[in-house]
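S.K.: Before anything else, here's the structure in question.
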There are 4 protein chains.
Amino acid sequence: MTAPDYGKAFALWRDQAPEWADYTQHAFVEGLRTGTLPRADFLHYLRQDYIFLIHFTRAWALAATKGATLAEIQAAAATVQALAHHEMPLHVQICADAGIDKTTLETTEEAPANLAYTRYVLESGYSGDFLDLMAALAPCVLGYGEIGARLKGSGGPYADWIDTYAGQDYQKLCYDVGVLIDNALVYRLGQDWASLPRARHLSQRFATATRLEVGFWQMGLNGA
Amino acid sequence: MTAPDYGKAFALWRDQAPEWADYTQHAFVEGLRTGTLPRADFLHYLRQDYIFLIHFTRAWALAATKGATLAEIQAAAATVQALAHHEMPLHVQICADAGIDKTTLETTEEAPANLAYTRYVLESGYSGDFLDLMAALAPCVLGYGEIGARLKGSGGPYADWIDTYAGQDYQKLCYDVGVLIDNALVYRLGQDWASLPRARHLSQRFATATRLEVGFWQMGLNGA
Amino acid sequence: MTAPDYGKAFALWRDQAPEWADYTQHAFVEGLRTGTLPRADFLHYLRQDYIFLIHFTRAWALAATKGATLAEIQAAAATVQALAHHEMPLHVQICADAGIDKTTLETTEEAPANLAYTRYVLESGYSGDFLDLMAALAPCVLGYGEIGARLKGSGGPYADWIDTYAGQDYQKLCYDVGVLIDNALVYRLGQDWASLPRARHLSQRFATATRLEVGFWQMGLNGA
Amino acid sequence: MTAPDYGKAFALWRDQAPEWADYTQHAFVEGLRTGTLPRADFLHYLRQDYIFLIHFTRAWALAATKGATLAEIQAAAATVQALAHHEMPLHVQICADAGIDKTTLETTEEAPANLAYTRYVLESGYSGDFLDLMAALAPCVLGYGEIGARLKGSGGPYADWIDTYAGQDYQKLCYDVGVLIDNALVYRLGQDWASLPRARHLSQRFATATRLEVGFWQMGLNGA
């Protein structure tokens, strides 16, 4: 499938990540598409995703701290706000509708695959700079966008989930994050950034984060 | 003057900061109150405050990253959002009204006193934990609240500035930040936190940040 | 088995970590003890441990950055120096003796279990304070000490490995790290730190890190 | 005066820092050279330098944490070790010889100029990457080298201080740090790094740190 147009960096990094297809076409994803994903697996995923979203929000907040321009800080701040005050309550509601109450969410033990991905992202941001953080965040943000775009209209029991990521709002977010990343690269490294060693390091970071996303879906299937 | 009621930690830290009065009753503040502050000094302050606000926003974003509970993350996120998408544009507008255009703001050289305070706050957050960051941020947030409350109704050429901090919105923010800090202390250190060595260290951080706030006002007066 | 005496915090945290026995008596460890661990598994472990040691060194360096007293900074600095200029070259030599050359080490892909543990430790340090970092580092440092003490004199093909951790030098290090941690707790939280909520949070961090150590041994067995 | 040869980045950054001469030829430095610096100023400087060295050690430890290659980590680790276990005890001894005991050192209040510089360096490292940290550290490390080289053989009451920085050991350190920085730039940005926007940002960081070094000398003269 053609990649959605989320910018130049995404196109490059996606092509260079060996496990991109393993991630975006994972059996978990196919189960969402065909509707054959066992409900228990989906609920397990939702519980872990609650914890994931907390750390994902923290990571975007770190992006605001690490932004070098007011525009970068404002873009990251808006994402933090959306995650903390819109996505999180929505996720809690979705879980409640699925029979998972707030106490269950708050007492869920974080799975190793969840720890691996979220801490990798945060540590990339702390130890590296804004670009390292973006490269580690991108597989999640933009990968879900690509999955949503591909699964659009699949219907079935997971249509709500699919519609969230296929929808115009989320696709717009992916487009904007793509612009944020491309601008951040040019701002620091100039127009020819793709030829620099730094580009290879960032691509490796994106690939590692992609590998950990595969582990996250697998955790969803394994129930652990 | 009686301190406004911004919570238990503030009351304690304020009492233990030797330079609290030097800060909140600084000649710059008195000049705002009586209206005798030279316009040039105020404009200099506004230019530096633009840079200050950027780093202050980054510091609150770091608080969101370092929050241990969803409530802490959400509170910090809301502050980041307010700063990045409300305070910053408002400040740019206030500067424009005062004849300082955006290019001037963006090319202003950051004064040492500004560097000292903002980097001290950020480094407190990075090297310490959420509490260290709060103790370093508090003199600014709550000190401006106390100054606003004291100068309320002074009128004169700086009435707009005074009204911002004397106003209900800002006073409510101070109250909320006070609750955030007190809850964060109890969550980590229990009800008797004030008797722990940690309380003394946090109080020292508050005092150091207060000392750097004195330097910030002085920079406003000195024009450097 | 009785725990070695590595101080008060270790005794407490060890008792409260549900997976402590799963970690210190893991099948991988038993294979080292009985000598039945397949050579290929051990070599796989050595390759991953090379990457682990790099991040472990970085984590101890972060402890030096986050130390609040000269004594804490000096203790962490000495550990960083020992790791970077003694352990790392030694590990490279051990690998060379086992037929793994430096290029192989440098091109080994980091396993998810390795990413999970190392990034959890680093992120604990970045997002928390010195104590959070110590609680996340302790299962590795002190757990290897306990394993070494228990396996002492087992002989067999892995006697060299066992002797390293059973030896006086390493046991002394464990004792010293125990003192460092206990002192750091008292310095910040006072003599009765164990009764504070903070103690529970730190214990949970120790338990999570222990869980990820189990995953690290399991990775050794699985070859992935 | 010709700059000492501490590498390509230093040569570039030095040329682009408007206040480089103000820093390296500051009245405080001239007072050291001619021997006319009042003893009280020198003692004041020594007391503040004790605090500075602690934070400087912490900053180099952060460099070890942020290193991307084993060579970078090892180089930073060796510097941390030298600072924590050689420079610090030496400094304490020098102060003792000058009549300043350890308690005085430990209770000295950190001057704003000290806070400004050290926290700027640390925050550069935390918010940026290894290169940002190096650019902020360089004016201190390499500037003292240049000052030492220039003042070499001046004799007088401050000959000991001068000889430390003019000596072969310190000059070798400067040379090595220059190599570390140049290699780090090429490793990340390629041979043509000087043409990238990133080079300008790093140069600005070096210039800001230089400006804060001027403030540090001035603090020495002012006694505050």
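Naming scheme: A, B, ... for chains in displayed order of the structure tokens; residues 1 onward per chain; ligands 1 onward as shown.
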Could you build a table of the residues in chain C lying no more than 9 Å from chain B, giving for each the nearest pair of atoms and their separation in Å rounded to one decimal place, using only C-alpha atoms, ordered by chain and ascending residue number, as a tab-separated table?
M.R.:
residue	atom	partner	partner_atom	distance
C:Thr65	CA	B:Ser127	CA	7.2
C:Lys66	CA	B:Ser127	CA	5.3
C:Gly67	CA	B:Ser127	CA	8.5
C:Gly125	CA	B:Ser127	CA	8.7
C:Tyr126	CA	B:Tyr126	CA	6.7
C:Ser127	CA	B:Lys66	CA	5.3
C:Gly128	CA	B:Asp129	CA	4.9
C:Asp129	CA	B:Gly128	CA	4.8
C:Phe130	CA	B:Gly128	CA	7.5
C:Val186	CA	B:Pro197	CA	8.3
C:Tyr187	CA	B:Pro197	CA	6.8
C:Arg188	CA	B:Arg198	CA	4.9
C:Leu189	CA	B:Leu196	CA	5.6
C:Gly190	CA	B:Leu196	CA	5.9
C:Trp193	CA	B:Leu189	CA	8.9
C:Ser195	CA	B:Gly190	CA	8.9
C:Leu196	CA	B:Leu189	CA	5.6
C:Pro197	CA	B:Arg188	CA	5.3
C:Arg198	CA	B:Arg188	CA	4.9
C:Ala199	CA	B:Arg188	CA	8.6
C:His201	CA	B:Arg188	CA	8.1
S.K.: Give me every alpha helix (DSSP H) residue in range 111-195 of chain A, going by DSSP on the backbone, as a VMD selection string.
M.R.: chain A and resid 112 to 127 130 to 151 159 to 166 168 to 189
S.K.: So that I can check the surroundings of range 207-221 of chain A, please list as a ChimeraX atom specification every protein, DNA and RNA residue that reaches within 10 Å of it, counting only C-alpha atoms and ignoring chain neighbours fewer than 5 positions away.
M.R.: /A:13-29,31,37-38,40-49,52,111-118,120-121,124,135-140,143,201-202 /C:109-112,115-116
S.K.: Hey, could you lay chain C over chain B with a least-squares C-alpha fit (all atoms, paired in order) and save it as a PDB file with C-alpha atoms, in the first residue's frame?
M.R.:
ATOM      1  CA  MET C   1       1.171  42.334  54.779  1.00  0.00           C
ATOM      2  CA  THR C   2      -0.593  39.058  55.303  1.00  0.00           C
ATOM      3  CA  ALA C   3       0.258  36.479  52.687  1.00  0.00           C
ATOM      4  CA  PRO C   4      -2.591  35.409  50.436  1.00  0.00           C
ATOM      5  CA  ASP C   5      -3.780  31.896  51.189  1.00  0.00           C
ATOM      6  CA  TYR C   6      -2.102  29.830  48.507  1.00  0.00           C
ATOM      7  CA  GLY C   7      -1.743  26.775  50.729  1.00  0.00           C
ATOM      8  CA  LYS C   8       0.460  25.294  53.396  1.00  0.00           C
ATOM      9  CA  ALA C   9       3.729  24.893  51.479  1.00  0.00           C
ATOM     10  CA  PHE C  10       3.634  28.463  50.222  1.00  0.00           C
ATOM     11  CA  ALA C  11       3.029  29.820  53.722  1.00  0.00           C
ATOM     12  CA  LEU C  12       6.001  27.859  55.028  1.00  0.00           C
ATOM     13  CA  TRP C  13       8.406  28.533  52.186  1.00  0.00           C
ATOM     14  CA  ARG C  14       7.500  32.226  52.076  1.00  0.00           C
ATOM     15  CA  ASP C  15       8.277  32.600  55.780  1.00  0.00           C
ATOM     16  CA  GLN C  16      11.643  30.905  55.350  1.00  0.00           C
ATOM     17  CA  ALA C  17      12.822  32.849  52.288  1.00  0.00           C
ATOM     18  CA  PRO C  18      15.021  35.710  53.560  1.00  0.00           C
ATOM     19  CA  GLU C  19      14.522  37.771  50.427  1.00  0.00           C
ATOM     20  CA  TRP C  20      10.762  37.397  50.014  1.00  0.00           C
ATOM     21  CA  ALA C  21      10.079  41.047  50.912  1.00  0.00           C
ATOM     22  CA  ASP C  22      12.998  42.209  48.736  1.00  0.00           C
ATOM     23  CA  TYR C  23      11.277  40.433  45.883  1.00  0.00           C
ATOM     24  CA  THR C  24       7.613  41.289  46.388  1.00  0.00           C
ATOM     25  CA  GLN C  25       8.276  44.853  47.494  1.00  0.00           C
ATOM     26  CA  HIS C  26      11.147  45.558  45.133  1.00  0.00           C
ATOM     27  CA  ALA C  27      11.621  49.136  43.892  1.00  0.00           C
ATOM     28  CA  PHE C  28      10.422  47.949  40.474  1.00  0.00           C
ATOM     29  CA  VAL C  29       7.176  46.742  42.043  1.00  0.00           C
ATOM     30  CA  GLU C  30       6.812  49.949  44.014  1.00  0.00           C
ATOM     31  CA  GLY C  31       7.305  51.849  40.768  1.00  0.00           C
ATOM     32  CA  LEU C  32       4.444  49.879  39.239  1.00  0.00           C
ATOM     33  CA  ARG C  33       2.287  50.651  42.249  1.00  0.00           C
ATOM     34  CA  THR C  34       2.976  54.387  42.366  1.00  0.00           C
ATOM     35  CA  GLY C  35       3.184  54.706  38.613  1.00  0.00           C
ATOM     36  CA  THR C  36       6.648  56.257  38.849  1.00  0.00           C
ATOM     37  CA  LEU C  37       8.445  53.390  37.118  1.00  0.00           C
ATOM     38  CA  PRO C  38      10.103  54.901  34.024  1.00  0.00           C
ATOM     39  CA  ARG C  39       8.443  53.691  30.856  1.00  0.00           C
ATOM     40  CA  ALA C  40      11.787  52.584  29.402  1.00  0.00           C
ATOM     41  CA  ASP C  41      12.332  50.255  32.342  1.00  0.00           C
ATOM     42  CA  PHE C  42       8.909  48.746  31.881  1.00  0.00           C
ATOM     43  CA  LEU C  43       9.516  48.183  28.177  1.00  0.00           C
ATOM     44  CA  HIS C  44      12.867  46.584  28.930  1.00  0.00           C
ATOM     45  CA  TYR C  45      11.105  44.322  31.400  1.00  0.00           C
ATOM     46  CA  LEU C  46       8.442  43.396  28.817  1.00  0.00           C
ATOM     47  CA  ARG C  47      11.082  42.400  26.271  1.00  0.00           C
ATOM     48  CA  GLN C  48      12.872  40.189  28.768  1.00  0.00           C
ATOM     49  CA  ASP C  49       9.570  38.815  30.005  1.00  0.00           C
ATOM     50  CA  TYR C  50       8.837  37.544  26.501  1.00  0.00           C
ATOM     51  CA  ILE C  51      11.926  35.346  26.705  1.00  0.00           C
ATOM     52  CA  PHE C  52      11.096  34.467  30.282  1.00  0.00           C
ATOM     53  CA  LEU C  53       7.624  33.266  29.307  1.00  0.00           C
ATOM     54  CA  ILE C  54       9.048  30.886  26.717  1.00  0.00           C
ATOM     55  CA  HIS C  55      11.259  29.194  29.276  1.00  0.00           C
ATOM     56  CA  PHE C  56       8.506  29.322  31.873  1.00  0.00           C
ATOM     57  CA  THR C  57       6.226  27.463  29.451  1.00  0.00           C
ATOM     58  CA  ARG C  58       8.962  24.914  28.876  1.00  0.00           C
ATOM     59  CA  ALA C  59       9.319  24.471  32.646  1.00  0.00           C
ATOM     60  CA  TRP C  60       5.598  23.806  33.094  1.00  0.00           C
ATOM     61  CA  ALA C  61       5.788  21.312  30.240  1.00  0.00           C
ATOM     62  CA  LEU C  62       8.566  19.585  32.156  1.00  0.00           C
ATOM     63  CA  ALA C  63       6.198  19.455  35.126  1.00  0.00           C
ATOM     64  CA  ALA C  64       3.708  17.583  32.945  1.00  0.00           C
ATOM     65  CA  THR C  65       6.464  15.131  31.976  1.00  0.00           C
ATOM     66  CA  LYS C  66       7.421  14.640  35.613  1.00  0.00           C
ATOM     67  CA  GLY C  67       3.939  14.347  37.062  1.00  0.00           C
ATOM     68  CA  ALA C  68       3.300  11.088  38.898  1.00  0.00           C
ATOM     69  CA  THR C  69      -0.481  11.052  38.686  1.00  0.00           C
ATOM     70  CA  LEU C  70      -2.921  11.811  35.903  1.00  0.00           C
ATOM     71  CA  ALA C  71      -4.198  14.762  37.976  1.00  0.00           C
ATOM     72  CA  GLU C  72      -0.701  16.270  38.173  1.00  0.00           C
ATOM     73  CA  ILE C  73      -0.131  15.758  34.463  1.00  0.00           C
ATOM     74  CA  GLN C  74      -3.483  17.295  33.577  1.00  0.00           C
ATOM     75  CA  ALA C  75      -2.960  20.315  35.836  1.00  0.00           C
ATOM     76  CA  ALA C  76       0.461  21.010  34.368  1.00  0.00           C
ATOM     77  CA  ALA C  77      -0.812  20.438  30.819  1.00  0.00           C
ATOM     78  CA  ALA C  78      -3.570  22.999  31.275  1.00  0.00           C
ATOM     79  CA  THR C  79      -1.015  25.538  32.477  1.00  0.00           C
ATOM     80  CA  VAL C  80       1.255  24.840  29.510  1.00  0.00           C
ATOM     81  CA  GLN C  81      -1.672  25.303  27.152  1.00  0.00           C
ATOM     82  CA  ALA C  82      -2.702  28.584  28.828  1.00  0.00           C
ATOM     83  CA  LEU C  83       0.853  29.896  28.657  1.00  0.00           C
ATOM     84  CA  ALA C  84       1.615  28.826  25.092  1.00  0.00           C
ATOM     85  CA  HIS C  85      -1.700  29.692  23.472  1.00  0.00           C
ATOM     86  CA  HIS C  86      -3.073  32.475  25.666  1.00  0.00           C
ATOM     87  CA  GLU C  87      -0.347  34.246  27.667  1.00  0.00           C
ATOM     88  CA  MET C  88       2.252  34.288  24.887  1.00  0.00           C
ATOM     89  CA  PRO C  89      -0.068  35.787  22.217  1.00  0.00           C
ATOM     90  CA  LEU C  90      -1.398  38.232  24.838  1.00  0.00           C
ATOM     91  CA  HIS C  91       2.126  39.257  25.760  1.00  0.00           C
ATOM     92  CA  VAL C  92       3.000  39.770  22.106  1.00  0.00           C
ATOM     93  CA  GLN C  93      -0.104  41.967  21.800  1.00  0.00           C
ATOM     94  CA  ILE C  94       0.754  43.992  24.920  1.00  0.00           C
ATOM     95  CA  CYS C  95       4.249  44.537  23.558  1.00  0.00           C
ATOM     96  CA  ALA C  96       2.847  45.560  20.168  1.00  0.00           C
ATOM     97  CA  ASP C  97       0.571  48.068  21.898  1.00  0.00           C
ATOM     98  CA  ALA C  98       3.636  49.408  23.673  1.00  0.00           C
ATOM     99  CA  GLY C  99       5.463  49.768  20.371  1.00  0.00           C
ATOM    100  CA  ILE C 100       7.640  46.655  20.563  1.00  0.00           C
ATOM    101  CA  ASP C 101       7.195  44.538  17.454  1.00  0.00           C
ATOM    102  CA  LYS C 102       7.601  40.786  17.189  1.00  0.00           C
ATOM    103  CA  THR C 103      11.016  40.955  15.509  1.00  0.00           C
ATOM    104  CA  THR C 104      12.338  43.063  18.361  1.00  0.00           C
ATOM    105  CA  LEU C 105      11.062  40.486  20.829  1.00  0.00           C
ATOM    106  CA  GLU C 106      12.601  37.624  18.917  1.00  0.00           C
ATOM    107  CA  THR C 107      16.004  39.292  18.618  1.00  0.00           C
ATOM    108  CA  THR C 108      16.227  40.575  22.188  1.00  0.00           C
ATOM    109  CA  GLU C 109      19.336  39.281  23.889  1.00  0.00           C
ATOM    110  CA  GLU C 110      18.491  37.373  27.023  1.00  0.00           C
ATOM    111  CA  ALA C 111      19.822  39.168  30.114  1.00  0.00           C
ATOM    112  CA  PRO C 112      21.998  37.219  32.591  1.00  0.00           C
ATOM    113  CA  ALA C 113      19.376  37.651  35.322  1.00  0.00           C
ATOM    114  CA  ASN C 114      16.844  36.052  33.003  1.00  0.00           C
ATOM    115  CA  LEU C 115      19.192  33.205  32.125  1.00  0.00           C
ATOM    116  CA  ALA C 116      19.943  32.693  35.810  1.00  0.00           C
ATOM    117  CA  TYR C 117      16.349  32.361  36.929  1.00  0.00           C
ATOM    118  CA  THR C 118      14.896  30.390  34.035  1.00  0.00           C
ATOM    119  CA  ARG C 119      17.755  27.912  33.826  1.00  0.00           C
ATOM    120  CA  TYR C 120      17.753  27.461  37.577  1.00  0.00           C
ATOM    121  CA  VAL C 121      14.072  26.517  37.409  1.00  0.00           C
ATOM    122  CA  LEU C 122      14.525  24.130  34.481  1.00  0.00           C
ATOM    123  CA  GLU C 123      17.619  22.524  35.933  1.00  0.00           C
ATOM    124  CA  SER C 124      15.845  22.064  39.283  1.00  0.00           C
ATOM    125  CA  GLY C 125      13.195  20.162  37.407  1.00  0.00           C
ATOM    126  CA  TYR C 126      15.575  18.058  35.353  1.00  0.00           C
ATOM    127  CA  SER C 127      17.951  17.172  38.189  1.00  0.00           C
ATOM    128  CA  GLY C 128      15.314  16.866  40.867  1.00  0.00           C
ATOM    129  CA  ASP C 129      11.753  15.626  40.752  1.00  0.00           C
ATOM    130  CA  PHE C 130       8.293  17.183  40.448  1.00  0.00           C
ATOM    131  CA  LEU C 131       8.579  18.737  43.912  1.00  0.00           C
ATOM    132  CA  ASP C 132      11.909  20.407  43.161  1.00  0.00           C
ATOM    133  CA  LEU C 133      10.399  21.894  40.044  1.00  0.00           C
ATOM    134  CA  MET C 134       7.350  23.161  41.933  1.00  0.00           C
ATOM    135  CA  ALA C 135       9.514  24.750  44.638  1.00  0.00           C
ATOM    136  CA  ALA C 136      11.514  26.592  41.970  1.00  0.00           C
ATOM    137  CA  LEU C 137       8.421  27.678  40.020  1.00  0.00           C
ATOM    138  CA  ALA C 138       6.400  28.790  43.041  1.00  0.00           C
ATOM    139  CA  PRO C 139       8.092  32.158  43.746  1.00  0.00           C
ATOM    140  CA  CYS C 140       7.185  33.329  40.274  1.00  0.00           C
ATOM    141  CA  VAL C 141       3.621  32.046  40.051  1.00  0.00           C
ATOM    142  CA  LEU C 142       2.612  32.800  43.623  1.00  0.00           C
ATOM    143  CA  GLY C 143       4.784  35.862  44.127  1.00  0.00           C
ATOM    144  CA  TYR C 144       3.100  37.612  41.207  1.00  0.00           C
ATOM    145  CA  GLY C 145      -0.213  36.645  42.782  1.00  0.00           C
ATOM    146  CA  GLU C 146       0.785  38.224  46.091  1.00  0.00           C
ATOM    147  CA  ILE C 147       2.068  41.346  44.320  1.00  0.00           C
ATOM    148  CA  GLY C 148      -1.131  41.592  42.305  1.00  0.00           C
ATOM    149  CA  ALA C 149      -3.255  41.227  45.439  1.00  0.00           C
ATOM    150  CA  ARG C 150      -1.264  43.924  47.225  1.00  0.00           C
ATOM    151  CA  LEU C 151      -1.227  46.387  44.326  1.00  0.00           C
ATOM    152  CA  LYS C 152      -4.894  45.863  43.481  1.00  0.00           C
ATOM    153  CA  GLY C 153      -6.667  49.116  42.742  1.00  0.00           C
ATOM    154  CA  SER C 154      -3.477  51.182  42.570  1.00  0.00           C
ATOM    155  CA  GLY C 155      -4.515  52.609  39.209  1.00  0.00           C
ATOM    156  CA  GLY C 156      -1.985  54.665  37.286  1.00  0.00           C
ATOM    157  CA  PRO C 157      -0.152  53.888  34.052  1.00  0.00           C
ATOM    158  CA  TYR C 158       0.482  50.284  35.059  1.00  0.00           C
ATOM    159  CA  ALA C 159      -3.090  49.495  36.081  1.00  0.00           C
ATOM    160  CA  ASP C 160      -3.484  46.954  33.261  1.00  0.00           C
ATOM    161  CA  TRP C 161      -0.476  44.993  34.402  1.00  0.00           C
ATOM    162  CA  ILE C 162      -1.634  45.123  38.011  1.00  0.00           C
ATOM    163  CA  ASP C 163      -5.176  44.083  37.137  1.00  0.00           C
ATOM    164  CA  THR C 164      -3.926  41.005  35.315  1.00  0.00           C
ATOM    165  CA  TYR C 165      -2.323  39.614  38.451  1.00  0.00           C
ATOM    166  CA  ALA C 166      -4.880  41.046  40.883  1.00  0.00           C
ATOM    167  CA  GLY C 167      -7.730  39.623  38.838  1.00  0.00           C
ATOM    168  CA  GLN C 168      -9.865  36.669  39.751  1.00  0.00           C
ATOM    169  CA  ASP C 169      -8.460  34.430  37.026  1.00  0.00           C
ATOM    170  CA  TYR C 170      -4.880  34.793  38.147  1.00  0.00           C
ATOM    171  CA  GLN C 171      -5.770  34.563  41.840  1.00  0.00           C
ATOM    172  CA  LYS C 172      -7.682  31.362  41.091  1.00  0.00           C
ATOM    173  CA  LEU C 173      -4.618  29.988  39.285  1.00  0.00           C
ATOM    174  CA  CYS C 174      -2.479  30.735  42.345  1.00  0.00           C
ATOM    175  CA  TYR C 175      -4.951  29.000  44.590  1.00  0.00           C
ATOM    176  CA  ASP C 176      -4.978  25.967  42.287  1.00  0.00           C
ATOM    177  CA  VAL C 177      -1.186  25.803  42.064  1.00  0.00           C
ATOM    178  CA  GLY C 178      -1.067  25.961  45.859  1.00  0.00           C
ATOM    179  CA  VAL C 179      -3.387  22.965  46.014  1.00  0.00           C
ATOM    180  CA  LEU C 180      -1.341  21.135  43.373  1.00  0.00           C
ATOM    181  CA  ILE C 181       1.832  21.644  45.427  1.00  0.00           C
ATOM    182  CA  ASP C 182       0.276  20.689  48.760  1.00  0.00           C
ATOM    183  CA  ASN C 183      -1.268  17.569  47.283  1.00  0.00           C
ATOM    184  CA  ALA C 184       1.978  16.609  45.581  1.00  0.00           C
ATOM    185  CA  LEU C 185       3.815  16.879  48.901  1.00  0.00           C
ATOM    186  CA  VAL C 186       1.292  14.726  50.759  1.00  0.00           C
ATOM    187  CA  TYR C 187       1.146  12.201  47.924  1.00  0.00           C
ATOM    188  CA  ARG C 188       4.903  11.631  48.159  1.00  0.00           C
ATOM    189  CA  LEU C 189       5.870  12.500  51.708  1.00  0.00           C
ATOM    190  CA  GLY C 190       2.719  12.089  53.775  1.00  0.00           C
ATOM    191  CA  GLN C 191       0.890  14.555  56.013  1.00  0.00           C
ATOM    192  CA  ASP C 192       3.943  15.342  58.142  1.00  0.00           C
ATOM    193  CA  TRP C 193       6.166  16.310  55.241  1.00  0.00           C
ATOM    194  CA  ALA C 194       7.153  19.596  56.866  1.00  0.00           C
ATOM    195  CA  SER C 195       9.267  17.796  59.438  1.00  0.00           C
ATOM    196  CA  LEU C 196      11.414  15.948  56.887  1.00  0.00           C
ATOM    197  CA  PRO C 197      14.868  17.020  55.650  1.00  0.00           C
ATOM    198  CA  ARG C 198      13.297  17.151  52.196  1.00  0.00           C
ATOM    199  CA  ALA C 199      11.127  20.059  53.335  1.00  0.00           C
ATOM    200  CA  ARG C 200      14.256  22.050  54.204  1.00  0.00           C
ATOM    201  CA  HIS C 201      15.819  21.326  50.801  1.00  0.00           C
ATOM    202  CA  LEU C 202      12.658  22.409  49.010  1.00  0.00           C
ATOM    203  CA  SER C 203      12.452  25.539  51.099  1.00  0.00           C
ATOM    204  CA  GLN C 204      16.049  26.359  50.133  1.00  0.00           C
ATOM    205  CA  ARG C 205      15.152  25.906  46.488  1.00  0.00           C
ATOM    206  CA  PHE C 206      12.221  28.282  46.897  1.00  0.00           C
ATOM    207  CA  ALA C 207      14.552  30.778  48.624  1.00  0.00           C
ATOM    208  CA  THR C 208      17.176  30.578  45.858  1.00  0.00           C
ATOM    209  CA  ALA C 209      14.529  31.088  43.196  1.00  0.00           C
ATOM    210  CA  THR C 210      13.213  34.066  45.174  1.00  0.00           C
ATOM    211  CA  ARG C 211      16.733  35.529  45.234  1.00  0.00           C
ATOM    212  CA  LEU C 212      16.892  35.186  41.460  1.00  0.00           C
ATOM    213  CA  GLU C 213      13.504  36.906  41.139  1.00  0.00           C
ATOM    214  CA  VAL C 214      14.999  39.892  42.990  1.00  0.00           C
ATOM    215  CA  GLY C 215      17.706  39.909  40.341  1.00  0.00           C
ATOM    216  CA  PHE C 216      15.062  39.859  37.631  1.00  0.00           C
ATOM    217  CA  TRP C 217      13.365  43.029  38.935  1.00  0.00           C
ATOM    218  CA  GLN C 218      16.774  44.625  39.402  1.00  0.00           C
ATOM    219  CA  MET C 219      17.582  43.808  35.781  1.00  0.00           C
ATOM    220  CA  GLY C 220      14.369  45.609  34.852  1.00  0.00           C
ATOM    221  CA  LEU C 221      15.561  48.725  36.664  1.00  0.00           C
ATOM    222  CA  ASN C 222      19.136  48.549  35.413  1.00  0.00           C
ATOM    223  CA  GLY C 223      18.194  47.994  31.837  1.00  0.00           C
ATOM    224  CA  ALA C 224      20.610  45.053  31.723  1.00  0.00           C
TER     225      ALA C 224
END
